[in-house]
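A short worksheet on the structure shown next.
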Amino acid sequence: MKMVIAVVQDQDSNRLSNALTKATFRATKLASTGGFLRSGNTTFLIGTDDEKVPNLLNLIRENCRARDQLVAPVSPMGGNADAYIPYPVEVEVGGATVFVLPIEQFHHF
Amino acid sequence: MKMVIAVVQDQDSNRLSNALTKATFRATKLASTGGFLRSGNTTFLIGTDDEKVPNLLNLIRENCRARDQLVAPVSPMGGNADAYIPYPVEVEVGGATVFVLPIEQFHHF
Amino acid sequence: MKMVIAVVQDQDSNRLSNALTKATFRATKLASTGGFLRSGNTTFLIGTDDEKVPNLLNLIRENCRARDQLVAPVSPMGGNADAYIPYPVEVEVGGATVFVLPIEQFHHF
Ligand code: NI
Ligand code: NI
Ligand code: NI
């Protein structure tokens with residue numbers, strides 16, 4: 001068995017949860033902030049058999065992969081109107097940081 | 001040393017905390033949801049010496065084991081009154097999912 | 001790679017966050033309570049290369065080490081005024097509990 005710890009942006013968290021449930025992976029979710037990714041994020045703890053780890057990693061990549069997204073410009077409120085860019089800009093959203101840890105024992109009571 | 005990660009239903013969380021304190025185990029608690037158990041749950045992180053792991057697992061099992069509990073029926077609010085069961089039903093409550101992980105270093109500053 | 005899990009008192013959490021960012025360590029923070037330290041505390045998850053672990057441990061020790069602090073006395077509200085100690089007392093604050101865990105795989109999507 002392995003413990004997979006995945007830190008995922010909040011905007012991808014529900015989609016990943018649904019994909020995990022559909023594939024019968026069981027995850028515990030912890031609210032987390034900062035660091036690996038822009039805040040806020042969700043930390044998933046997922047215990048799984050060794051042979052299912054590649055499948056799980058695929059699921060996480062498919063649902064959380066970093067991608068560029070067009071974001072509508074925000075009008076300047078006061079500030080320097082010369083610096084205002086009047087067209088959508090691309091920002092990177094999503095992304096997941098994933099650790100696979102060894103487990104010595106697993107119990108279910 | 002080992003790191004024991006236990007995901008425990010909220011209704012058993014205080015009882016387990018007290019039992020751990022009494023047995024001089026030191027635990028950090030994280031609020032968590034979903035997945036391994038019905039939400040909400042508490043994730044305990046417990047660092048302990050190898051030889052105390054069996055004792056710790058016993059404590060968790062004794063305080064958090066899944067068991068059936070009689071639950072009073074809820075009166076139907078509108079809905080199909082024909083489907084209303086006017087006697088208590090058994091539901092499973094409790095249960096813990098426990099992982100034992102190896103630790104390479106432990107420090108206390 | 002290693003996963004370093006550090007449980008740190010809330011009063012040292014921001015200072016440690018800033019020190020980690022400055023040293024380009026990336027941490028995920030989880031709100032936690034009790035156990036290893038007086039509540040509340042923050043649990044940091046930090047993935048790092050093996051050779052940077054000693055530097056990371058130094059940063060945690062420097063920013064979170066347990067130390068004595070003078071605390072102004074609190075006036076007795078009702079209660080036994082005879083037991084009132086009218087001078088500052090030293091209490092221990094800070095302190096961190098740190099675990100270094102092995103990682104089998106690390107991925108960034
Ligand atoms: Ni990234
Ligand atoms: Ni169960
Ligand atoms: Ni201490």
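Chain identifiers are assigned as A, B, and so on, following the order in which chains appear in the structure tokens; residues are numbered from 1 within each chain, and ligands are numbered from 1 in order of appearance.
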
For a quick test of understanding: name the residues of chain B lying within 10 Å of chain C when counting only C-alpha atoms, and present them as a PyMOL selection string. chain B and resi 1-3+17+20-21+24-31+43-47+101-109

Pairwise distance, atom CA of C:Val53 with atom CA of A:Val53, equals 26.4 Å

If you count only C-alpha atoms, which residues fall within 7 Å of A:Pro73, apart from same-chain ones fewer than 3 positions away, as a PyMOL selection string? chain A and resi 85-89

Can those selected residues be exported to a file as a compact mmCIF listing (two decimals), in the first residue's frame so that it contains all heavy atoms?
# COMPACT_ATOMS: atom_id res chain seq x y z
N ILE A 85 -4.55 47.34 -19.00
CA ILE A 85 -4.48 46.54 -20.23
C ILE A 85 -5.90 46.12 -20.59
O ILE A 85 -6.49 45.29 -19.89
CB ILE A 85 -3.59 45.29 -20.03
CG1 ILE A 85 -2.19 45.73 -19.56
CG2 ILE A 85 -3.51 44.47 -21.29
CD1 ILE A 85 -1.37 44.60 -18.95
N PRO A 86 -6.51 46.69 -21.66
CA PRO A 86 -7.95 46.50 -21.90
C PRO A 86 -8.30 45.22 -22.65
O PRO A 86 -9.25 45.21 -23.41
CB PRO A 86 -8.29 47.74 -22.72
CG PRO A 86 -7.04 48.01 -23.49
CD PRO A 86 -5.89 47.57 -22.62
N TYR A 87 -7.52 44.15 -22.47
CA TYR A 87 -7.90 42.88 -23.12
C TYR A 87 -7.59 41.74 -22.16
O TYR A 87 -6.81 41.91 -21.22
CB TYR A 87 -7.14 42.72 -24.45
CG TYR A 87 -5.69 43.10 -24.40
CD1 TYR A 87 -4.73 42.19 -23.93
CD2 TYR A 87 -5.25 44.36 -24.78
CE1 TYR A 87 -3.40 42.54 -23.87
CE2 TYR A 87 -3.91 44.72 -24.71
CZ TYR A 87 -2.98 43.81 -24.26
OH TYR A 87 -1.66 44.16 -24.20
N PRO A 88 -8.24 40.59 -22.38
CA PRO A 88 -8.03 39.45 -21.46
C PRO A 88 -6.58 39.03 -21.43
O PRO A 88 -5.88 39.13 -22.44
CB PRO A 88 -8.90 38.34 -22.05
CG PRO A 88 -9.87 39.04 -22.94
CD PRO A 88 -9.18 40.27 -23.46
N VAL A 89 -6.14 38.55 -20.27
CA VAL A 89 -4.77 38.05 -20.16
C VAL A 89 -4.80 36.57 -19.76
O VAL A 89 -5.74 36.10 -19.13
CB VAL A 89 -3.95 38.83 -19.12
CG1 VAL A 89 -3.64 40.23 -19.64
CG2 VAL A 89 -4.68 38.90 -17.80

Determine which residues of chain B receive a DSSP assignment of helix (DSSP H, G or I), computed from the backbone, and state them as a short mmCIF file (atom, residue, chain, number, x, y, z; two decimals) with C-alpha atoms, in the first residue's frame.
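Output (states07.cif):
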data_model
loop_
_atom_site.label_atom_id
_atom_site.label_comp_id
_atom_site.auth_asym_id
_atom_site.auth_seq_id
_atom_site.Cartn_x
_atom_site.Cartn_y
_atom_site.Cartn_z
CA ASP B 10 -15.99 13.27 14.58
CA GLN B 11 -18.25 11.55 17.11
CA ASP B 12 -15.32 9.41 18.35
CA SER B 13 -12.69 12.14 18.13
CA ASN B 14 -12.94 13.53 21.68
CA ARG B 15 -13.01 10.09 23.27
CA LEU B 16 -9.89 9.07 21.33
CA SER B 17 -8.14 12.36 22.24
CA ASN B 18 -8.76 11.71 25.92
CA ALA B 19 -7.59 8.10 25.69
CA LEU B 20 -4.41 9.17 23.88
CA THR B 21 -3.63 11.85 26.48
CA LYS B 22 -4.20 9.39 29.32
CA ASP B 50 8.03 1.41 17.22
CA GLU B 51 7.35 -0.73 20.29
CA LYS B 52 4.30 1.33 21.26
CA VAL B 53 2.54 0.99 17.89
CA PRO B 54 0.51 -2.12 18.88
CA ASN B 55 -0.72 -0.36 22.04
CA LEU B 56 -1.68 2.72 20.01
CA LEU B 57 -3.56 0.63 17.45
CA ASN B 58 -5.48 -1.05 20.28
CA LEU B 59 -6.48 2.34 21.70
CA ILE B 60 -7.75 3.50 18.32
CA ARG B 61 -9.71 0.28 17.75
CA GLU B 62 -11.27 0.37 21.21
CA ASN B 63 -12.40 3.97 20.90
CA CYS B 64 -13.36 4.21 17.23
CA ALA B 81 -45.69 8.73 3.80
CA ASP B 82 -46.00 5.13 2.58
CA ALA B 83 -42.22 4.87 2.69
#
